[in-house]
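A.B. asks: Okay, here's the structure, questions in a sec.
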Amino acid sequence: MSQYQLDYLDQLESESIHIFREVAGQFEKPALLFSGGKDSITLVHLALKAFRPGKFPFPLVHIDTGHNFPEALAFRDQLAEQIGEKLIVRKVEDTIKAKHLTEQKGKFASRNQLQTFTLLDTIEEFGFDACIGGARRDEEKARAKERIFSVRDDFGQWNPKLQRPELWHTYNGKIHKGENVRVFPISNWTELDIWNYIKRENIQLPSVYFSHEREVLEYQNALIAVSPYIQIDENDKISTRRVRYRTVGDMTCTAAVASEAYSIDDIISEIIATRTSERGETRIDDRFSEAAMEDRKKNGYF
Amino acid sequence: MDLLRFLTAGSVDDGKSTLIGRLLYDSKNILIDQLDAIERSSKNRKDGTVDLALLTDGLRAEREQGITIDVAYKYFSTPKRKFIIADTPGHIQYTRNMVTGASNADLIIILVDARNGVVEQTRRHSLIASLLNIPHVVVAINKMDLLNYDQAAYNHIVEDYKKVAEVLKLNNVSYVPISALVGDNIVDASTKMDWYQGPILLDYLENVEVKSSVNLTNARFPVQYVIRPQTEDLHDYRGYAGKIESGIYKKGDQVVVYPSGVEATIEKIELGGKEVEEAFAPQSVVLHLDQDVDISRGDSIVKKDDSLKVGQDIDAIVCWMDEKPLTVGQKYFLQHGSKVVPAMVKEIKYKLDVNQLEKITEVSKADLNEVVEVKLKTASPLAYDAYSEIRESGGAILVDQTSFVTVGAALLQ
Ligand SMILES: Nc1nc2c(ncn2[C@@H]2O[C@H](COP(=O)(O)OP(=O)(O)O)[C@@H](O)[C@H]2O)c(=O)[nH]1
């Protein structure tokens with residue numbers, strides 16, 4: 001490669017930093033939606049590159065479902081403290097109480113649907129006009145069509161038929177009062193790009209991403225962590241396995257994968273060898289329907 | 001490893017989705033569960049084959065209608081390169097989506113159904129490729145299996161297309177005969193077309209030079225954000241954050257700030273928090289100048305040269321993207337780099353008949369998906385380049401002043 005040619009990771013990084021700075025330049029009150037997973041940790045790392053030595057022009061916001069991995073929560077707090085940025089946490093639990101929401105029932109009752117309520121309330125509480133998220137287009141077919149600046153109406157809804165054309169690197173963030181924009185700086189990264197970047201930049205991650213021993217329930221070929229949030233029945237097969245997580249969402253709906261990966265290099269080798277997609281392998285919530293993600297996005301989910 | 005962004009264009013049913021599915025499938029970039037899902041969906045098909053097109057037809061409406069209606073981005077990589085594909089719809093009513101997908105592309109694959117040859121859509125897609133200055137064009141002549149891999153038919157289409165390329169002044173055009181359905185000449189060389197000596201599609205995609213899409217001669221830098229920590233130890237820190245659109249910046253370079261016209265010297269360049277001697281497009285950096293100039297978002301720091309234009313009267317080719325027509329006298333926001341200025345349409349010079357490639361004069365409006373050349377008057381001076389010279393500094397969008405929707409792509413002249 002010649003002197004003035006950028007490696008693909010540098011190109012992706014530069015594109016993402018540019019998007020971050022567009023958010024800072026175009027919006028009054030942005031927020032970075034921080035989930036504690038590798039994608040949002042990568043976002044934080046990119047934001048550091050975009051704004052240091054200045055402070056972030058936005059707080060980190062975590063919508064806590066109450067079903068998170070304790071390791072991820074501890075990591076979240078530690079990271080926010082280490083970089084000295086503001087962290088806002090809003091709990092789905094509180095929204096459920098305040099709004100008398102009905103919780104999903106069943107074996108792996110998920111709060112994914114309810115999370116949307118808390119998110120929209122939080123947006124309203126702080127008047128956020130842009131929410132930065134770590135979604136990637138390679139994750140899922142519906143995401144593959146979403147813009148980097150994705151306008152949502154007052155109900156947080158996404159209308160796939162009325163997306164603004166997005167040309168060159170020009171992002172149109174003009175909105176009316178009540179609307180807000182979801183911004184996805186790592187849209188063009190793949191799972192493997194993220195891992196290669198984490199390795200290159202030596203980004204620290206919560207321990208659940210690496211192989212560890214865990215008590216899991218085997219259910220339809222998925223390994224679900226034993227936790228107080230799932231229902232365990234008599235006939236369930238429970239065992240202690242060496243596993244890691246490929247995505248870190250709720251304990252109720254994120255499956256672990258059997259793994260002997262103790263380092264980032266090990267993880268990268270496993271991912272290259274795997275023939276299953278990230279969501280397919282680890283998100284049991286997407287398996288319900290082929291259009292699952294699209295439906296949730298339309299309703300204001302990230 | 002570097003990165004190639006390309007888009008696929010062609011009429012409906014020319015086989016775009018199948019081709020992309022084939023590229024992903026044969027290069028082993030499709031995972032088992034994704035394949036399971038499309039196999040399940042394909043069950044409804046009568047012939048029982050797997051429909052690779054389902055990999056890219058993402059949204060439900062499309063699944064129902066069986067057509068691609070929006071730009072879908074797909075990713076795959078080989079040991080040589082990472083690829084980003086913009087899969088765009090072929091119908092004329094989706095020209096705007098194609099323009100969107102084309103705006104960032106280093107290369108376009110124009111699909112031609114070998115049975116139909118060069119058709120109106122081929123001309124329109126080629127026109128867009130030419131307007132948007134896509135550096136490389138690959139004409140993929142598809143469905144060769146339906147013509148018994150006939151060389152004469154292929155040659156005939158190539159000759160036809162050469163005429164289009166000449167009219168449109170398209171450079172770097174390559175041709176490849178393929179069958180997306182069967183997989184001929186896409187990832188694996190065809191055994192049925194020995195008469196074809198050129199590279200197969202993936203080889204070409206892996207080896208075509210991408211550097212030519214980046215201009216390293218003229219230096220342009222729109223300021224996105226000013227970093228001013230104003231803490232005790234960084235009291236005087238004032239950094240201009242942005243992405244270099246084109247060219248190279250070195251410490252000590254003389255620069256001009258627009259629109260003020262103030263001259264200054266680059267004192268420091270930071271890349272990812274580290275000081276560097278030089279930086280180049282498309283890096284995101286922080287620039288520091290030797291004097292305390294008043295610079296804010298929307299200003300640009302450039303190295304002065306002959307191609308830079310500064311002014312308020314700007315000619316632009318506009319691809320119109322809104323239901324409400326563009327009319328003379330109407331005002332819009334022009335968003336160019338990090339700058340947004342009100343702009344009025346003073347005159348429509350002509351409309352391009354995108355199918356016949358002819359200019360039609362005396363038009364009063366542009367409807368959705370039409371292409372016109374207009375004279376714009378901006379409320380304040382803009383520093384810009386001709387789109388044909390520097391894509392990043394010649395491309396702008398028009399935004400409706402009340403709905404805030406992006407209504408047009410403006411290629412400044
Ligand atoms: N025989 C043959 N059929 C093809 C080929 N490529 C695509 N098709 C078929 O043409 C139809 C349209 O293809 P599709 O990929 O959906 O076209 P799109 O509308 O351009 O995305 C489908 O029935 C494909 O199976 C080819 O190379 N040979």
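Chain labels A, B, ... are given in the sequence in which chains occur in the structure tokens; within each chain residues are numbered consecutively from 1, and ligands are likewise numbered from 1 in the order shown.
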Dump the neighbourhood of ligand 1 as a list in words: all residues within 7 Å, distances computed on only C-alpha atoms and all ligand atoms.
C.D. replies: Gly10, Ser11, Val12, Asp13, Asp14, Gly15, Lys16, Ser17, Thr18, Leu19, Asp51, Ala53, Ile67, Thr68, Asn142, Lys143, Met144, Asp145, Leu146, Ile178, Ser179, Ala180, Leu181 and Val182 of chain B
A.B. asks: So that I have them on file, write out the residues from the current selection with N, CA and C atoms, as a JSON list (two decimals), in the first residue's frame.
C.D. replies:
[["chain", "number", "residue", "atom", "x", "y", "z"],
["B", 10, "GLY", "N", -29.11, -1.94, -12.55],
["B", 10, "GLY", "CA", -29.65, -2.71, -13.65],
["B", 10, "GLY", "C", -31.15, -2.61, -13.57],
["B", 11, "SER", "N", -31.85, -3.03, -14.63],
["B", 11, "SER", "CA", -33.30, -2.99, -14.58],
["B", 11, "SER", "C", -33.80, -4.05, -13.62],
["B", 12, "VAL", "N", -35.06, -3.92, -13.25],
["B", 12, "VAL", "CA", -35.66, -4.94, -12.43],
["B", 12, "VAL", "C", -35.54, -6.28, -13.15],
["B", 13, "ASP", "N", -35.18, -7.29, -12.42],
["B", 13, "ASP", "CA", -35.07, -8.65, -12.95],
["B", 13, "ASP", "C", -33.84, -8.90, -13.82],
["B", 14, "ASP", "N", -32.93, -7.94, -13.88],
["B", 14, "ASP", "CA", -31.69, -8.21, -14.60],
["B", 14, "ASP", "C", -30.79, -9.16, -13.80],
["B", 15, "GLY", "N", -31.07, -9.26, -12.49],
["B", 15, "GLY", "CA", -30.33, -10.21, -11.67],
["B", 15, "GLY", "C", -29.37, -9.60, -10.66],
["B", 16, "LYS", "N", -29.62, -8.34, -10.29],
["B", 16, "LYS", "CA", -28.74, -7.68, -9.31],
["B", 16, "LYS", "C", -28.66, -8.45, -8.00],
["B", 17, "SER", "N", -29.84, -8.73, -7.45],
["B", 17, "SER", "CA", -29.86, -9.38, -6.15],
["B", 17, "SER", "C", -29.23, -10.76, -6.22],
["B", 18, "THR", "N", -29.50, -11.45, -7.31],
["B", 18, "THR", "CA", -28.91, -12.78, -7.49],
["B", 18, "THR", "C", -27.38, -12.67, -7.57],
["B", 19, "LEU", "N", -26.92, -11.65, -8.28],
["B", 19, "LEU", "CA", -25.47, -11.46, -8.43],
["B", 19, "LEU", "C", -24.82, -11.21, -7.07],
["B", 51, "ASP", "N", -33.25, -19.06, -3.47],
["B", 51, "ASP", "CA", -33.26, -17.76, -4.12],
["B", 51, "ASP", "C", -32.23, -16.85, -3.45],
["B", 53, "ALA", "N", -31.31, -14.04, -4.16],
["B", 53, "ALA", "CA", -31.72, -12.64, -4.12],
["B", 53, "ALA", "C", -32.30, -12.26, -2.77],
["B", 67, "ILE", "N", -39.43, -6.93, -4.90],
["B", 67, "ILE", "CA", -38.49, -6.02, -5.56],
["B", 67, "ILE", "C", -37.69, -5.23, -4.53],
["B", 68, "THR", "N", -36.53, -4.76, -4.93],
["B", 68, "THR", "CA", -35.69, -3.95, -4.06],
["B", 68, "THR", "C", -36.15, -2.51, -4.13],
["B", 142, "ASN", "N", -25.29, -10.35, -18.12],
["B", 142, "ASN", "CA", -25.80, -11.46, -17.30],
["B", 142, "ASN", "C", -26.73, -12.38, -18.09],
["B", 143, "LYS", "N", -27.00, -13.50, -17.48],
["B", 143, "LYS", "CA", -27.90, -14.52, -18.04],
["B", 143, "LYS", "C", -27.33, -15.12, -19.33],
["B", 144, "MET", "N", -26.01, -15.19, -19.40],
["B", 144, "MET", "CA", -25.37, -15.79, -20.58],
["B", 144, "MET", "C", -25.83, -17.24, -20.76],
["B", 145, "ASP", "N", -26.21, -17.88, -19.67],
["B", 145, "ASP", "CA", -26.68, -19.27, -19.76],
["B", 145, "ASP", "C", -27.90, -19.38, -20.66],
["B", 146, "LEU", "N", -28.72, -18.33, -20.69],
["B", 146, "LEU", "CA", -29.94, -18.39, -21.49],
["B", 146, "LEU", "C", -29.65, -18.22, -22.98],
["B", 178, "ILE", "N", -21.39, -12.99, -17.67],
["B", 178, "ILE", "CA", -21.62, -13.80, -16.47],
["B", 178, "ILE", "C", -22.97, -14.51, -16.51],
["B", 179, "SER", "N", -23.10, -15.47, -15.60],
["B", 179, "SER", "CA", -24.42, -15.95, -15.25],
["B", 179, "SER", "C", -24.49, -15.93, -13.74],
["B", 180, "ALA", "N", -25.30, -15.01, -13.22],
["B", 180, "ALA", "CA", -25.40, -14.87, -11.77],
["B", 180, "ALA", "C", -26.06, -16.11, -11.18],
["B", 181, "LEU", "N", -27.01, -16.64, -11.92],
["B", 181, "LEU", "CA", -27.78, -17.77, -11.41],
["B", 181, "LEU", "C", -26.88, -19.00, -11.27],
["B", 182, "VAL", "N", -26.11, -19.28, -12.29],
["B", 182, "VAL", "CA", -25.28, -20.48, -12.30],
["B", 182, "VAL", "C", -23.93, -20.22, -11.62]]
A.B. asks: May I have the residues within 9 Å of His45 (chain A) as a list in words, using only C-alpha atoms and disregarding those fewer than 5 positions away in the same chain?
C.D. replies: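 Near neighbours after the sequence-gap exclusion: Ser40, Ala50, Glu201 and Ile203 of chain A.
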A.B. asks: Please provide as number ranges by chain all residues within 9 Å of region 150-155 of chain B, with the sequence filter that same-chain residues fewer than 2 positions apart are discarded (counting only C-alpha atoms).
C.D. replies: B: 114-115, 117, 141, 144-145, 147-148, 157-160, 176-177, 193, 195-196
A.B. asks: Please produce a file of the residues just selected, as a compact mmCIF listing (two decimals), in the first residue's frame, where the atoms kept are N, CA and C atoms.
C.D. replies:
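Resulting contents of result-v2.txt:
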# COMPACT_ATOMS: atom_id res chain seq x y z
N ALA B 114 -28.50 -10.26 -21.06
CA ALA B 114 -27.95 -10.55 -22.39
C ALA B 114 -29.04 -10.72 -23.44
N ARG B 115 -30.23 -11.10 -22.99
CA ARG B 115 -31.32 -11.30 -23.95
C ARG B 115 -31.85 -9.97 -24.47
N GLY B 117 -30.02 -6.85 -24.15
CA GLY B 117 -28.96 -5.93 -24.56
C GLY B 117 -29.07 -4.58 -23.88
N ILE B 141 -22.56 -8.56 -18.28
CA ILE B 141 -23.60 -9.05 -19.19
C ILE B 141 -24.08 -10.39 -18.66
N MET B 144 -26.01 -15.19 -19.40
CA MET B 144 -25.37 -15.79 -20.58
C MET B 144 -25.83 -17.24 -20.76
N ASP B 145 -26.21 -17.88 -19.67
CA ASP B 145 -26.68 -19.27 -19.76
C ASP B 145 -27.90 -19.38 -20.66
N LEU B 147 -28.42 -17.79 -23.30
CA LEU B 147 -28.05 -17.61 -24.70
C LEU B 147 -26.97 -18.61 -25.10
N ASN B 148 -26.93 -19.72 -24.37
CA ASN B 148 -25.90 -20.73 -24.66
C ASN B 148 -24.49 -20.17 -24.67
N ILE B 157 -23.34 -6.75 -27.65
CA ILE B 157 -23.72 -5.87 -26.55
C ILE B 157 -22.56 -4.96 -26.16
N VAL B 158 -21.36 -5.51 -26.16
CA VAL B 158 -20.18 -4.70 -25.84
C VAL B 158 -20.06 -3.55 -26.84
N GLU B 159 -20.22 -3.85 -28.12
CA GLU B 159 -20.12 -2.81 -29.14
C GLU B 159 -21.18 -1.73 -28.93
N ASP B 160 -22.39 -2.18 -28.61
CA ASP B 160 -23.49 -1.24 -28.35
C ASP B 160 -23.16 -0.34 -27.18
N VAL B 176 -17.71 -7.96 -18.67
CA VAL B 176 -17.55 -9.36 -18.31
C VAL B 176 -18.85 -10.12 -18.54
N PRO B 177 -18.78 -11.26 -19.22
CA PRO B 177 -19.98 -12.08 -19.43
C PRO B 177 -20.18 -13.00 -18.23
N MET B 193 -17.22 -20.51 -21.23
CA MET B 193 -16.93 -19.34 -22.06
C MET B 193 -15.42 -19.19 -22.23
N TRP B 195 -13.90 -18.50 -24.70
CA TRP B 195 -13.59 -17.36 -25.57
C TRP B 195 -13.36 -16.06 -24.81
N TYR B 196 -13.74 -16.04 -23.54
CA TYR B 196 -13.54 -14.81 -22.76
C TYR B 196 -12.19 -14.86 -22.05
A.B. asks: As a list in words, please: all residues of region 130-227 of chain A that backbone DSSP puts in strand (DSSP E).
C.D. replies: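 Of region 130-227 of chain A, the ones in strand (DSSP E) are Ala130, Cys131, Ile132, Phe149, Ser150, Val151, Arg152, Asn180, Val181, Arg182, Val183, His212, Glu213, Arg214, Glu215, Val216, Leu217, Glu218, Tyr219, Ala222, Leu223, Ile224 and Ala225 of chain A.
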A.B. asks: Would you export the selected residues with C-alpha atoms as a PDB file, in the first residue's frame, please?
C.D. replies:
ATOM      1  CA  ALA A 130     -29.956  12.834  18.701  1.00  0.00           C
ATOM      2  CA  CYS A 131     -29.202   9.406  20.120  1.00  0.00           C
ATOM      3  CA  ILE A 132     -26.021   7.732  19.001  1.00  0.00           C
ATOM      4  CA  PHE A 149     -28.745   9.619  10.386  1.00  0.00           C
ATOM      5  CA  SER A 150     -32.136   8.005  10.877  1.00  0.00           C
ATOM      6  CA  VAL A 151     -35.009  10.364  11.637  1.00  0.00           C
ATOM      7  CA  ARG A 152     -37.685   9.223  14.108  1.00  0.00           C
ATOM      8  CA  ASN A 180     -35.144  13.016  17.002  1.00  0.00           C
ATOM      9  CA  VAL A 181     -32.422  11.328  15.093  1.00  0.00           C
ATOM     10  CA  ARG A 182     -30.770   8.003  15.750  1.00  0.00           C
ATOM     11  CA  VAL A 183     -27.208   8.099  14.592  1.00  0.00           C
ATOM     12  CA  HIS A 212     -15.257 -18.517  31.319  1.00  0.00           C
ATOM     13  CA  GLU A 213     -17.138 -21.158  33.274  1.00  0.00           C
ATOM     14  CA  ARG A 214     -20.832 -20.594  33.587  1.00  0.00           C
ATOM     15  CA  GLU A 215     -23.908 -22.472  34.589  1.00  0.00           C
ATOM     16  CA  VAL A 216     -26.105 -22.635  31.521  1.00  0.00           C
ATOM     17  CA  LEU A 217     -29.382 -24.059  30.413  1.00  0.00           C
ATOM     18  CA  GLU A 218     -29.450 -25.803  27.066  1.00  0.00           C
ATOM     19  CA  TYR A 219     -32.502 -24.842  25.115  1.00  0.00           C
ATOM     20  CA  ALA A 222     -28.846 -22.296  22.619  1.00  0.00           C
ATOM     21  CA  LEU A 223     -26.942 -21.864  25.882  1.00  0.00           C
ATOM     22  CA  ILE A 224     -28.724 -19.462  28.204  1.00  0.00           C
ATOM     23  CA  ALA A 225     -27.089 -18.313  31.427  1.00  0.00           C
TER      24      ALA A 225
END
A.B. asks: Out of B:Val208, B:Met344, B:Ala409, B:Ile390, which residue has the shortest atom-to-atom distance to chain A when counting only C-alpha atoms?
C.D. replies: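 So, comparing all the options, the nearest one is B:Ala409.
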A.B. asks: Could you pull out the alpha helix (DSSP H) residues of region 80-218 of chain A, going by DSSP on the backbone, and write them as a PyMOL selection string?
C.D. replies: chain A and resi 80-83+92-99+112-126+191-201
